[in-house]
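Here the structure is laid out as structure tokens; the discussion comes afterwards.
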There are 4 protein chains.
Amino acid sequence: MPANTFGEIFRVTTFGESHGKAVGAVIDGAAPGIELCEEDIQKELDRRKPGSPGAASSPRQEDDAVHILSGVFEGKTTGTPLLLLIYNKDTRPSDYDDIKELFRPGHADYTYLKKYGLRDYRGSGRASGRETAGRVAAGAVAKKILTQRGIHILTYTLRAAGVSCKSLNPRAIEENPFRACDNEAAREMTARAQKLREEGDSAGGIIECRVAGLPPGLGEPVFDKLDAEIARAMLSLGGVKGIEFGAGFAAADMKGSEHNDAMGNEGFLSNNAGGILGGISTGQELVFRIAVKPVPSIAKPQKTLTIHGEEKEIRVTGRHDICICPRLVPVVQAMTAIVLEDLYKRQEAGKA
Amino acid sequence: MPANTFGEIFRVTTFGESHGKAVGAVIDGAAPGIELCEEDIQKELDRRKPGSPGAASSPRQEDDAVHILSGVFEGKTTGTPLLLLIYNKDTRPSDYDDIKELFRPGHADYTYLKKYGLRDYRGSGRASGRETAGRVAAGAVAKKILTQRGIHILTYTLRAAGVSCKSLNPRAIEENPFRACDNEAAREMTARAQKLREEGDSAGGIIECRVAGLPPGLGEPVFDKLDAEIARAMLSLGGVKGIEFGAGFAAADMKGSEHNDAMGNEGFLSNNAGGILGGISTGQELVFRIAVKPVPSIAKPQKTLTIHGEEKEIRVTGRHDICICPRLVPVVQAMTAIVLEDLYKRQEAGKA
Amino acid sequence: MPANTFGEIFRVTTFGESHGKAVGAVIDGAAPGIELCEEDIQKELDRRKPGSPGAASSPRQEDDAVHILSGVFEGKTTGTPLLLLIYNKDTRPSDYDDIKELFRPGHADYTYLKKYGLRDYRGSGRASGRETAGRVAAGAVAKKILTQRGIHILTYTLRAAGVSCKSLNPRAIEENPFRACDNEAAREMTARAQKLREEGDSAGGIIECRVAGLPPGLGEPVFDKLDAEIARAMLSLGGVKGIEFGAGFAAADMKGSEHNDAMGNEGFLSNNAGGILGGISTGQELVFRIAVKPVPSIAKPQKTLTIHGEEKEIRVTGRHDICICPRLVPVVQAMTAIVLEDLYKRQEAGKA
Amino acid sequence: MPANTFGEIFRVTTFGESHGKAVGAVIDGAAPGIELCEEDIQKELDRRKPGSPGAASSPRQEDDAVHILSGVFEGKTTGTPLLLLIYNKDTRPSDYDDIKELFRPGHADYTYLKKYGLRDYRGSGRASGRETAGRVAAGAVAKKILTQRGIHILTYTLRAAGVSCKSLNPRAIEENPFRACDNEAAREMTARAQKLREEGDSAGGIIECRVAGLPPGLGEPVFDKLDAEIARAMLSLGGVKGIEFGAGFAAADMKGSEHNDAMGNEGFLSNNAGGILGGISTGQELVFRIAVKPVPSIAKPQKTLTIHGEEKEIRVTGRHDICICPRLVPVVQAMTAIVLEDLYKRQEAGKA
């Protein structure tokens, strides 16, 4: 049953496979009258693009040029659906001939075959990270609108390959190949990534997201709470294995008197809640972190099965990232923007 | 904008406030022809009920008798909506007169007022844990259907008040007041809870859920993946601050060669993924854990504001749990059942 | 797959069977802060109730007392779900023992059995007109809100038993048993209905609805246009076999120069369109008519089959209306109100 | 609020404006494993295309070549979204310079401006009949699947320009420019259309649709009944002003003993119901008719207003149809196919 649409008022539908003809998104529900051009979207897509210089990234070359094929007239949105289309160019389906009949460990090969009865083996098909290009394109539109509302989303790698950032420097994020918030930590991450590449192995990490400027009141009890929607959005991303808000898992060991955020004349005196109470934004900074598993495509030999049930050894070669965190950062930001714009509109819609 | 409905094919709508006249749920989409009586639901509600003997629970007395008012004929579901109604009895709105104009730290008082422009101050109104009675009632129906499909959900407190279970003994769960999977750990939890009660404080914990018997193929890419739907369901519960699947946050520090689950003739050789690849069930055990914050209602004095913006000290007395984990266990199980039955039906619906 | 919910922002879910324990509705999405009491709803339910004096109605006695069990606090809506519950009292399932194994011509007996594999034979179960009590209860809330917005819905029988109203007198509507807009025509309708009752037969008719005060802009292209949503709502009512807007079927024979509504300084110079252009309200009066089939329950003998496939003769006796139009009038009004309040909110939600 | 998606399991989202860059559709929910190529879709699009030889059609030239850009692998659907894209070629926005500031009578110019605050004046933008190209493309996929299920949809002009078909000859439909089911009637229609063109006027008509091979059980009570969904789909088409099922409006004047379809050993003995009872298919032929208004673009002078409120005379010249019925026939068929495939899947999904 279909599930390629996200959102209730700001609705995003993504389409496309890794080595098919195109990927992209339809946005249904962007308000009319918003200035929008392809460059607004392109600059976000460029951040997601493979081929960035660090050791962390895959060498696949895509210019990822976006085309807005509907919904804009005389430079403004009309309130009708926006089709954002990105043609695939650097497709090399033959790269996948070797693994056509193998289940790659840590990939969705086995489950897609079980679910759909067939499998697009070309670079994971729909399960590929390439699907997120459509999310980033749609998120760019949401982000532009949110910026006009005074809402800003900061997203960065907090930890990767076992190395944590020690400081939070927003400027650092676009200065290092890990999109880490600490350039020094990023250097250590890069060194470890290089070593892992030599070993034919890969790394995971943690991404953190902080949103400033959110008004109180966003989030729809009881099922579409702010944290519930963010969690759904994040866990819908390949490779994400967990999420926590504010104090997160550490809250499990705190006392009520430690965790509760007291209030004074200036408002809340702390933010263990991560900016959410009862599933609704408090107006404080929204804070969450996601756990990202190591990239499953590794050159080291692994045990696996063929689609016919025979045991085989597999070594996944080709164009792969060592750690997906840096390329996931703009995707996390995009999905956060989509969730927030949707909940913003839903909150407006709920009023009398 | 409304958000009191969960699910696409097995759809559950909950209603009701803590100190209003009733709580409950409508299920739209239970298949026709299923044997169902009130006792099927009552036994699950009784597990959620306040007043269980341990130090961990609140003394509010409710018999929580469920009435099936539609959708069943001659002992079987007809395929039409099931109304599951539970009247509130032991309501004492006057208990809340003291806090009528105060924002209780850690509660949704402030955000509800900001969102809706008014607030039902009687025991948190809709934000109360009592809302989950409707979820448990609906979950009981899902659970009954899943059991017939051979799917079994085990849920328990894994850690509370800083104490972790050392073993996983399914029988222990209903033997101790923490619904912990280890009776010895539960004794230590109880001792700590007693001490916290004396201090006017409270505790958090971690709940784990394991599902056996899931077929491969459940979960709907790209947005309603199995993990995304479970995460949404869990974060829609009050007090839950995080979720992780399989190796979870630990995966962030693993190498690909460590985290990938290799395959052999017997199937998967490990389960770091927690039974999910690409957002689709693998057929292995589904495993996840949630972080539960300490109960925010504490007797210790806290700084807060009145709704008029004046600083005040607050002590939240009345009938409160010390740790919500044991009462959350059946709710987690219920929401898991709702998600799984819905995804089961969606997977069937997706076939040609 | 479930379909007992109508609306996107003002969402109504109905439940209940004719001879089950209760019928009613949950409204999710009524704005917070609206004054609401049971009497607001009761007065509309009383209009739908069986037992009105005319020859047209069935003698089933129900007081149809509505209970608001959630969503209202201190006399105002809180923005949380409203449960509107009506217990069934005058149920006589044994009245249906005779027809338990027969397919009544013109009823849903055959199709329900084919669809669900079982059938609640007590007075049509969910397919009964009694289901509309929930719609009327929910519609009463929508109607109250719309009245505050200056939107008024006039609904009446335009034709019944072959007799057409010659004038449109709004006051007449509640003065005659057919809810016709012309008392003189109503007298003729009553006479014909009496004759049909003696013959063991029944009548159909046409209901017209006119809405004043609608702002321009309601209706959501391209699928949830104003006319599309009204049509869906009306055809979801049992016994309705057609709908037309403005000039309706007569438009098929008009020339463009006759049908187009020209504009002058005062606005539109005619209203052949029925107040809708491109699926969006023009701000003129919304006008539509529905065709209502004759009541299928007739005392005259008819050929039919048993559920085992044997031919039988059937005479449907019991408590039946001769013409459903008068009791359908408040239901048509209720559904129109639900559609309009939902589209009103959706139009607001679409703005930047 | 967005409304460019139709269907629950077989979900179709359309996008694109008349004189924008492209139109088309995304289908989310086509089952995996269905053989599908562009030719399957192209042949249906060719039927909708302008420029057919009869007097009834507009001379705009579009090759309307469809591109399947995702969702198909090795000639089969994969269960992931299908993007069906049609580039606009023969766009002449300058044709619309004259009417840029005028509200064309019978068009959506006024209501779009009121709704969205701006208007794409190029050939009606999104309100153009060109939007239906996306529906026809998506409907082609639905139609292919339904044909494999043994379900066949026959659609034709029953009446146009005041001329009714006297016989129902399926072969005639593609033989005459009106897609009428009677070639002789079509000749008379053509003659009248020619005369109307000379007068600068236009015509309306009635389209009938008959579906054979439907199993009993399709349609989802109580809101998504078969007739409710068909009615919504039809009224979502520009120019449609009414719909009736089976005996339709004539049923209003029938007695119960005349309208009821009795049953005998061979099944139903008549089909006044049009193949639907209680909103569910009976397994008989599904029969409905829609009323189509005359084309609003006429050369005759009409009174109107400018967007600044000044009175003006308007003559709509350019490339316009005289009667939209023949081009609407494939669109009606496409929307019917989309509704039926969706309800077919929903019926399957409702089973245990």
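As shown in the structure tokens, the chain order sets the letters A, B, ...; within each chain, residues go from 1, and ligands are also counted from 1 in the order they appear.
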
Enumerate as a PyMOL selection string all residues of stretch 151-284 of chain C assigned to helix (DSSP H, G or I) by DSSP on the backbone, naming them with the chain letters and numbers the document uses.
chain C and resi 170-174+183-199+226-235+248-253+256-259

Since chain C and chain B share a sequence, can you fit the second onto the first over all C-alpha atoms in order and output it as a short mmCIF file (atom, residue, chain, number, x, y, z; two decimals) with C-alpha atoms, in the first residue's frame?
```cif
data_model
loop_
_atom_site.label_atom_id
_atom_site.label_comp_id
_atom_site.auth_asym_id
_atom_site.auth_seq_id
_atom_site.Cartn_x
_atom_site.Cartn_y
_atom_site.Cartn_z
CA MET B 1 -10.81 -0.92 4.12
CA PRO B 2 -12.20 1.65 6.49
CA ALA B 3 -14.34 4.49 5.21
CA ASN B 4 -16.34 5.72 8.15
CA THR B 5 -14.59 9.06 8.35
CA PHE B 6 -15.43 12.16 6.31
CA GLY B 7 -13.43 15.38 6.06
CA GLU B 8 -9.83 16.48 6.30
CA ILE B 9 -9.76 19.19 8.94
CA PHE B 10 -13.26 18.92 10.36
CA ARG B 11 -13.28 15.12 10.48
CA VAL B 12 -16.37 13.12 11.33
CA THR B 13 -16.34 9.38 12.07
CA THR B 14 -19.69 7.68 12.53
CA PHE B 15 -20.36 4.34 14.18
CA GLY B 16 -23.28 2.14 15.15
CA GLU B 17 -25.93 -0.16 13.77
CA SER B 18 -29.69 0.14 13.63
CA HIS B 19 -30.39 -2.45 16.30
CA GLY B 20 -27.05 -2.46 18.11
CA LYS B 21 -26.44 -0.66 21.39
CA ALA B 22 -25.71 2.84 20.14
CA VAL B 23 -25.05 5.08 17.19
CA GLY B 24 -23.13 8.34 17.05
CA ALA B 25 -20.06 10.17 15.87
CA VAL B 26 -16.63 11.39 16.83
CA ILE B 27 -15.69 14.84 15.55
CA ASP B 28 -11.96 15.43 15.38
CA GLY B 29 -11.07 18.93 14.36
CA ALA B 30 -13.75 21.20 15.76
CA ALA B 31 -11.89 24.38 16.65
CA PRO B 32 -11.26 25.07 20.35
CA GLY B 33 -13.30 27.67 22.21
CA ILE B 34 -16.70 27.13 20.59
CA GLU B 35 -19.69 27.17 22.94
CA LEU B 36 -21.42 23.82 22.68
CA CYS B 37 -24.05 21.99 24.70
CA GLU B 38 -26.17 18.92 24.14
CA GLU B 39 -29.23 21.02 23.33
CA ASP B 40 -27.42 22.41 20.25
CA ILE B 41 -27.29 18.89 18.89
CA GLN B 42 -30.55 17.58 20.32
CA LYS B 43 -32.67 20.02 18.37
CA GLU B 44 -31.26 18.77 15.08
CA LEU B 45 -31.63 15.13 16.08
CA ASP B 46 -35.24 15.75 16.95
CA ARG B 47 -35.84 16.82 13.35
CA ARG B 48 -34.44 13.53 12.04
CA LYS B 49 -36.30 11.36 14.56
CA PRO B 50 -38.93 8.88 13.42
CA GLY B 51 -42.49 9.28 14.57
CA SER B 52 -43.32 12.67 13.13
CA PRO B 53 -47.05 13.02 12.51
CA GLY B 54 -47.29 12.83 8.68
CA ALA B 55 -48.28 9.80 6.69
CA ALA B 56 -44.76 9.80 5.37
CA SER B 57 -43.06 8.54 8.50
CA SER B 58 -42.33 5.34 10.40
CA PRO B 59 -43.74 4.83 13.89
CA ARG B 60 -40.45 3.65 15.52
CA GLN B 61 -40.09 5.50 18.82
CA GLU B 62 -36.65 6.75 19.83
CA ASP B 63 -35.95 9.70 22.07
CA ASP B 64 -32.50 9.90 20.47
CA ALA B 65 -30.97 11.69 23.43
CA VAL B 66 -27.42 12.73 22.65
CA HIS B 67 -24.57 12.63 25.17
CA ILE B 68 -21.39 14.67 24.63
CA LEU B 69 -18.87 12.45 26.39
CA SER B 70 -15.63 14.23 25.57
CA GLY B 71 -14.14 17.36 24.07
CA VAL B 72 -16.14 19.99 25.98
CA PHE B 73 -14.92 21.69 29.16
CA GLU B 74 -16.75 24.49 30.94
CA GLY B 75 -19.24 24.72 28.06
CA LYS B 76 -16.65 25.13 25.33
CA THR B 77 -14.91 22.84 22.89
CA THR B 78 -11.29 22.20 23.80
CA GLY B 79 -9.98 21.25 20.35
CA THR B 80 -9.92 17.57 21.30
CA PRO B 81 -12.28 14.89 19.90
CA LEU B 82 -15.99 15.21 20.60
CA LEU B 83 -17.76 11.91 21.24
CA LEU B 84 -21.48 12.26 20.48
CA LEU B 85 -23.32 9.17 21.69
CA ILE B 86 -26.94 8.13 21.19
CA TYR B 87 -28.13 4.93 22.77
CA ASN B 88 -30.60 2.83 20.79
CA LYS B 89 -33.69 2.08 22.80
CA ASP B 90 -36.60 0.91 20.72
CA THR B 91 -34.74 -1.98 19.14
CA ARG B 92 -36.85 -4.94 18.14
CA PRO B 93 -34.48 -7.32 16.41
CA SER B 94 -37.17 -9.99 16.46
CA ASP B 95 -39.08 -7.87 13.93
CA TYR B 96 -36.48 -9.08 11.49
CA ASP B 97 -36.64 -12.81 12.11
CA ASP B 98 -38.81 -13.26 9.04
CA ILE B 99 -36.37 -11.66 6.69
CA LYS B 100 -33.20 -13.00 8.28
CA GLU B 101 -32.54 -15.31 5.36
CA LEU B 102 -34.07 -13.19 2.59
CA PHE B 103 -32.56 -10.53 0.37
CA ARG B 104 -35.00 -7.62 0.50
CA PRO B 105 -35.24 -6.02 -2.97
CA GLY B 106 -33.79 -2.54 -3.09
CA HIS B 107 -31.87 -3.10 0.16
CA ALA B 108 -28.20 -3.72 0.79
CA ASP B 109 -28.77 -7.24 2.18
CA TYR B 110 -27.21 -9.00 -0.78
CA THR B 111 -24.25 -6.67 -1.22
CA TYR B 112 -23.36 -6.58 2.49
CA LEU B 113 -23.29 -10.36 2.59
CA LYS B 114 -21.12 -10.47 -0.53
CA LYS B 115 -18.78 -7.81 0.78
CA TYR B 116 -18.32 -8.79 4.40
CA GLY B 117 -19.13 -12.50 4.28
CA LEU B 118 -21.73 -11.98 6.99
CA ARG B 119 -24.71 -9.72 7.57
CA ASP B 120 -26.28 -7.97 10.50
CA TYR B 121 -29.89 -8.62 9.45
CA ARG B 122 -31.41 -6.52 12.22
CA GLY B 123 -32.97 -3.63 10.37
CA SER B 124 -30.15 -3.33 7.83
CA GLY B 125 -27.47 -3.01 10.52
CA ARG B 126 -24.96 -0.41 9.46
CA ALA B 127 -26.79 0.19 6.14
CA SER B 128 -29.79 1.49 8.02
CA GLY B 129 -30.92 5.08 7.83
CA ARG B 130 -30.32 5.08 11.57
CA GLU B 131 -26.61 5.49 10.88
CA THR B 132 -27.44 9.03 9.80
CA ALA B 133 -28.22 10.00 13.41
CA GLY B 134 -24.44 10.27 13.89
CA ARG B 135 -24.18 12.44 10.80
CA VAL B 136 -26.94 14.74 12.01
CA ALA B 137 -25.30 15.04 15.43
CA ALA B 138 -21.96 15.96 13.88
CA GLY B 139 -23.65 18.20 11.34
CA ALA B 140 -25.30 20.13 14.16
CA VAL B 141 -21.86 21.17 15.39
CA ALA B 142 -20.77 22.16 11.88
CA LYS B 143 -24.02 24.05 11.37
CA LYS B 144 -23.55 25.99 14.59
CA ILE B 145 -20.07 27.07 13.53
CA LEU B 146 -21.24 27.98 10.01
CA THR B 147 -24.07 30.08 11.38
CA GLN B 148 -21.48 32.09 13.29
CA ARG B 149 -19.65 32.58 10.01
CA GLY B 150 -22.87 33.88 8.40
CA ILE B 151 -23.45 30.78 6.29
CA HIS B 152 -27.01 29.43 6.18
CA ILE B 153 -28.24 26.20 4.63
CA LEU B 154 -31.82 25.83 3.45
CA THR B 155 -32.95 22.30 2.61
CA TYR B 156 -36.39 21.04 1.63
CA THR B 157 -38.35 18.53 -0.38
CA LEU B 158 -38.89 19.99 -3.83
CA ARG B 159 -40.86 17.09 -5.25
CA ALA B 160 -42.28 13.88 -3.80
CA ALA B 161 -44.67 11.18 -4.98
CA GLY B 162 -44.83 12.94 -8.34
CA VAL B 163 -45.88 16.31 -6.90
CA SER B 164 -43.68 19.41 -7.31
CA CYS B 165 -43.60 22.50 -5.15
CA LYS B 166 -44.80 25.56 -7.02
CA SER B 167 -43.29 28.13 -4.66
CA LEU B 168 -40.34 28.35 -2.29
CA ASN B 169 -41.56 29.35 1.15
CA PRO B 170 -38.85 28.71 3.77
CA ARG B 171 -41.35 28.91 6.62
CA ALA B 172 -43.44 26.13 5.14
CA ILE B 173 -40.64 23.60 5.53
CA GLU B 174 -41.20 22.78 9.17
CA GLU B 175 -44.98 23.18 8.87
CA ASN B 176 -45.74 20.11 6.77
CA PRO B 177 -44.86 16.43 7.13
CA PHE B 178 -42.92 16.36 3.84
CA ARG B 179 -40.65 19.25 4.73
CA ALA B 180 -41.76 20.63 1.38
CA CYS B 181 -41.21 24.30 0.61
CA ASP B 182 -44.85 24.70 -0.41
CA ASN B 183 -47.66 23.73 1.98
CA GLU B 184 -50.19 23.26 -0.76
CA ALA B 185 -47.98 20.83 -2.64
CA ALA B 186 -47.34 19.07 0.67
CA ARG B 187 -51.05 18.43 1.10
CA GLU B 188 -51.15 16.71 -2.27
CA MET B 189 -48.00 14.73 -1.42
CA THR B 190 -49.63 13.57 1.81
CA ALA B 191 -52.74 12.43 -0.01
CA ARG B 192 -50.69 10.46 -2.50
CA ALA B 193 -48.56 8.95 0.27
CA GLN B 194 -51.68 7.80 2.07
CA LYS B 195 -52.86 6.10 -1.09
CA LEU B 196 -49.47 4.44 -1.58
CA ARG B 197 -49.51 3.16 2.00
CA GLU B 198 -52.86 1.54 1.30
CA GLU B 199 -51.43 -0.06 -1.85
CA GLY B 200 -48.43 -1.33 0.08
CA ASP B 201 -46.17 0.84 -2.03
CA SER B 202 -43.83 3.80 -1.58
CA ALA B 203 -42.57 7.00 -3.21
CA GLY B 204 -39.38 8.87 -4.07
CA GLY B 205 -38.67 12.54 -4.61
CA ILE B 206 -36.23 15.37 -5.06
CA ILE B 207 -34.57 17.40 -2.32
CA GLU B 208 -33.11 20.82 -3.01
CA CYS B 209 -30.46 22.60 -1.00
CA ARG B 210 -29.52 26.30 -1.15
CA VAL B 211 -26.66 27.83 0.80
CA ALA B 212 -26.43 31.56 1.37
CA GLY B 213 -23.47 33.48 2.71
CA LEU B 214 -20.66 31.32 1.30
CA PRO B 215 -17.53 33.32 0.62
CA PRO B 216 -15.85 32.84 -2.75
CA GLY B 217 -12.87 30.49 -2.71
CA LEU B 218 -14.20 27.30 -1.10
CA GLY B 219 -13.35 24.02 -2.83
CA GLU B 220 -9.97 22.38 -3.41
CA PRO B 221 -8.91 21.65 -6.99
CA VAL B 222 -8.45 19.34 -8.60
CA PHE B 223 -10.07 16.44 -6.76
CA ASP B 224 -11.79 17.93 -3.72
CA LYS B 225 -13.71 20.59 -5.58
CA LEU B 226 -16.80 21.96 -3.88
CA ASP B 227 -19.13 20.07 -6.20
CA ALA B 228 -17.05 16.89 -5.96
CA GLU B 229 -17.17 16.91 -2.17
CA ILE B 230 -20.88 17.71 -2.03
CA ALA B 231 -21.57 14.96 -4.57
CA ARG B 232 -19.55 12.44 -2.60
CA ALA B 233 -21.36 13.40 0.60
CA MET B 234 -24.79 13.14 -0.99
CA LEU B 235 -24.19 9.87 -2.81
CA SER B 236 -22.92 8.42 0.45
CA LEU B 237 -26.52 8.65 1.71
CA GLY B 238 -28.72 5.61 1.24
CA GLY B 239 -31.40 6.08 -1.42
CA VAL B 240 -29.76 8.96 -3.29
CA LYS B 241 -29.41 8.14 -7.00
CA GLY B 242 -28.28 11.41 -8.53
CA ILE B 243 -27.22 14.98 -7.97
CA GLU B 244 -27.15 18.12 -10.08
CA PHE B 245 -25.79 21.63 -9.52
CA GLY B 246 -27.39 24.85 -10.76
CA ALA B 247 -28.99 24.23 -14.15
CA GLY B 248 -27.82 20.62 -13.78
CA PHE B 249 -28.95 18.11 -16.40
CA ALA B 250 -30.74 20.90 -18.25
CA ALA B 251 -27.30 22.40 -18.95
CA ALA B 252 -26.63 19.52 -21.34
CA ASP B 253 -29.13 21.05 -23.76
CA MET B 254 -28.15 24.68 -23.35
CA LYS B 255 -25.85 26.75 -25.55
CA GLY B 256 -22.77 28.37 -24.06
CA SER B 257 -24.35 31.76 -24.57
CA GLU B 258 -27.36 30.63 -22.51
CA HIS B 259 -25.53 28.79 -19.74
CA ASN B 260 -22.61 31.15 -19.07
CA ASP B 261 -23.27 33.52 -16.20
CA ALA B 262 -22.24 36.97 -17.39
CA MET B 263 -20.92 39.59 -14.98
CA GLY B 264 -21.81 43.22 -14.41
CA ASN B 265 -21.11 45.83 -11.81
CA GLU B 266 -23.29 44.02 -9.29
CA GLY B 267 -21.42 40.77 -9.87
CA PHE B 268 -22.85 37.72 -11.64
CA LEU B 269 -26.00 38.39 -13.65
CA SER B 270 -27.39 34.83 -13.36
CA ASN B 271 -26.60 31.59 -11.55
CA ASN B 272 -26.82 28.68 -13.95
CA ALA B 273 -23.59 27.40 -12.43
CA GLY B 274 -25.22 26.93 -9.02
CA GLY B 275 -22.56 29.03 -7.33
CA ILE B 276 -19.53 27.03 -8.46
CA LEU B 277 -16.91 27.71 -11.14
CA GLY B 278 -13.94 25.41 -11.58
CA GLY B 279 -15.01 23.57 -8.44
CA ILE B 280 -14.69 26.71 -6.29
CA SER B 281 -17.50 28.75 -4.73
CA THR B 282 -18.27 32.01 -6.52
CA GLY B 283 -19.84 33.68 -3.51
CA GLN B 284 -23.30 33.31 -5.06
CA GLU B 285 -25.94 30.98 -3.66
CA LEU B 286 -24.84 27.33 -3.82
CA VAL B 287 -27.70 25.34 -5.37
CA PHE B 288 -28.04 21.60 -5.83
CA ARG B 289 -30.73 18.92 -6.03
CA ILE B 290 -30.63 15.21 -5.31
CA ALA B 291 -32.80 12.39 -6.65
CA VAL B 292 -34.18 10.12 -3.94
CA LYS B 293 -35.43 6.67 -4.82
CA PRO B 294 -38.70 5.28 -3.41
CA VAL B 295 -38.40 3.51 -0.05
CA PRO B 296 -37.55 -0.12 -0.85
CA SER B 297 -39.45 -1.63 2.11
CA ILE B 298 -42.91 -2.23 0.70
CA ALA B 299 -45.76 -4.46 1.74
CA LYS B 300 -46.53 -5.51 -1.83
CA PRO B 301 -45.28 -9.00 -2.63
CA GLN B 302 -41.96 -9.12 -4.50
CA LYS B 303 -39.83 -11.88 -5.96
CA THR B 304 -36.55 -12.50 -4.24
CA LEU B 305 -34.00 -15.13 -3.19
CA THR B 306 -33.02 -16.58 0.15
CA ILE B 307 -29.35 -16.52 1.15
CA HIS B 308 -29.35 -20.18 0.06
CA GLY B 309 -30.42 -19.24 -3.46
CA GLU B 310 -34.06 -20.35 -3.32
CA GLU B 311 -36.79 -18.21 -4.91
CA LYS B 312 -39.27 -16.74 -2.44
CA GLU B 313 -41.94 -14.11 -2.31
CA ILE B 314 -41.37 -11.35 0.22
CA ARG B 315 -43.62 -8.71 1.78
CA VAL B 316 -41.70 -6.25 3.92
CA THR B 317 -43.89 -5.22 6.82
CA GLY B 318 -42.90 -3.44 10.03
CA ARG B 319 -42.20 0.20 10.76
CA HIS B 320 -41.33 1.92 7.50
CA ASP B 321 -41.48 5.33 5.92
CA ILE B 322 -43.45 5.77 2.68
CA CYS B 323 -41.11 8.48 1.42
CA ILE B 324 -37.74 9.15 2.99
CA CYS B 325 -37.47 12.75 1.78
CA PRO B 326 -38.74 14.53 4.90
CA ARG B 327 -36.37 12.63 7.20
CA LEU B 328 -33.54 12.97 4.71
CA VAL B 329 -33.86 16.76 4.65
CA PRO B 330 -32.02 17.30 7.97
CA VAL B 331 -29.44 14.69 6.96
CA VAL B 332 -28.74 16.48 3.68
CA GLN B 333 -28.40 19.69 5.62
CA ALA B 334 -26.05 18.05 8.11
CA MET B 335 -23.78 16.56 5.44
CA THR B 336 -23.74 19.88 3.59
CA ALA B 337 -22.68 21.60 6.80
CA ILE B 338 -19.90 19.07 7.37
CA VAL B 339 -18.57 19.52 3.82
CA LEU B 340 -18.71 23.30 4.00
CA GLU B 341 -17.06 23.63 7.40
CA ASP B 342 -14.32 21.28 6.27
CA LEU B 343 -13.75 23.21 3.03
CA TYR B 344 -13.88 26.51 4.88
CA LYS B 345 -11.06 25.36 7.13
CA ARG B 346 -9.15 23.89 4.21
CA GLN B 347 -9.33 27.18 2.36
CA GLU B 348 -7.97 28.96 5.44
CA ALA B 349 -5.25 26.33 5.74
CA GLY B 350 -4.13 26.83 2.16
CA LYS B 351 -3.15 30.45 2.68
CA ALA B 352 0.48 31.40 3.21
#
```

When DSSP is applied to the backbone of this structure, which of stretch 192-251 of chain A are assigned strand (DSSP E or B)? Write them out as a PyMOL selection string.
chain A and resi 203+205-212+220+224+240-245
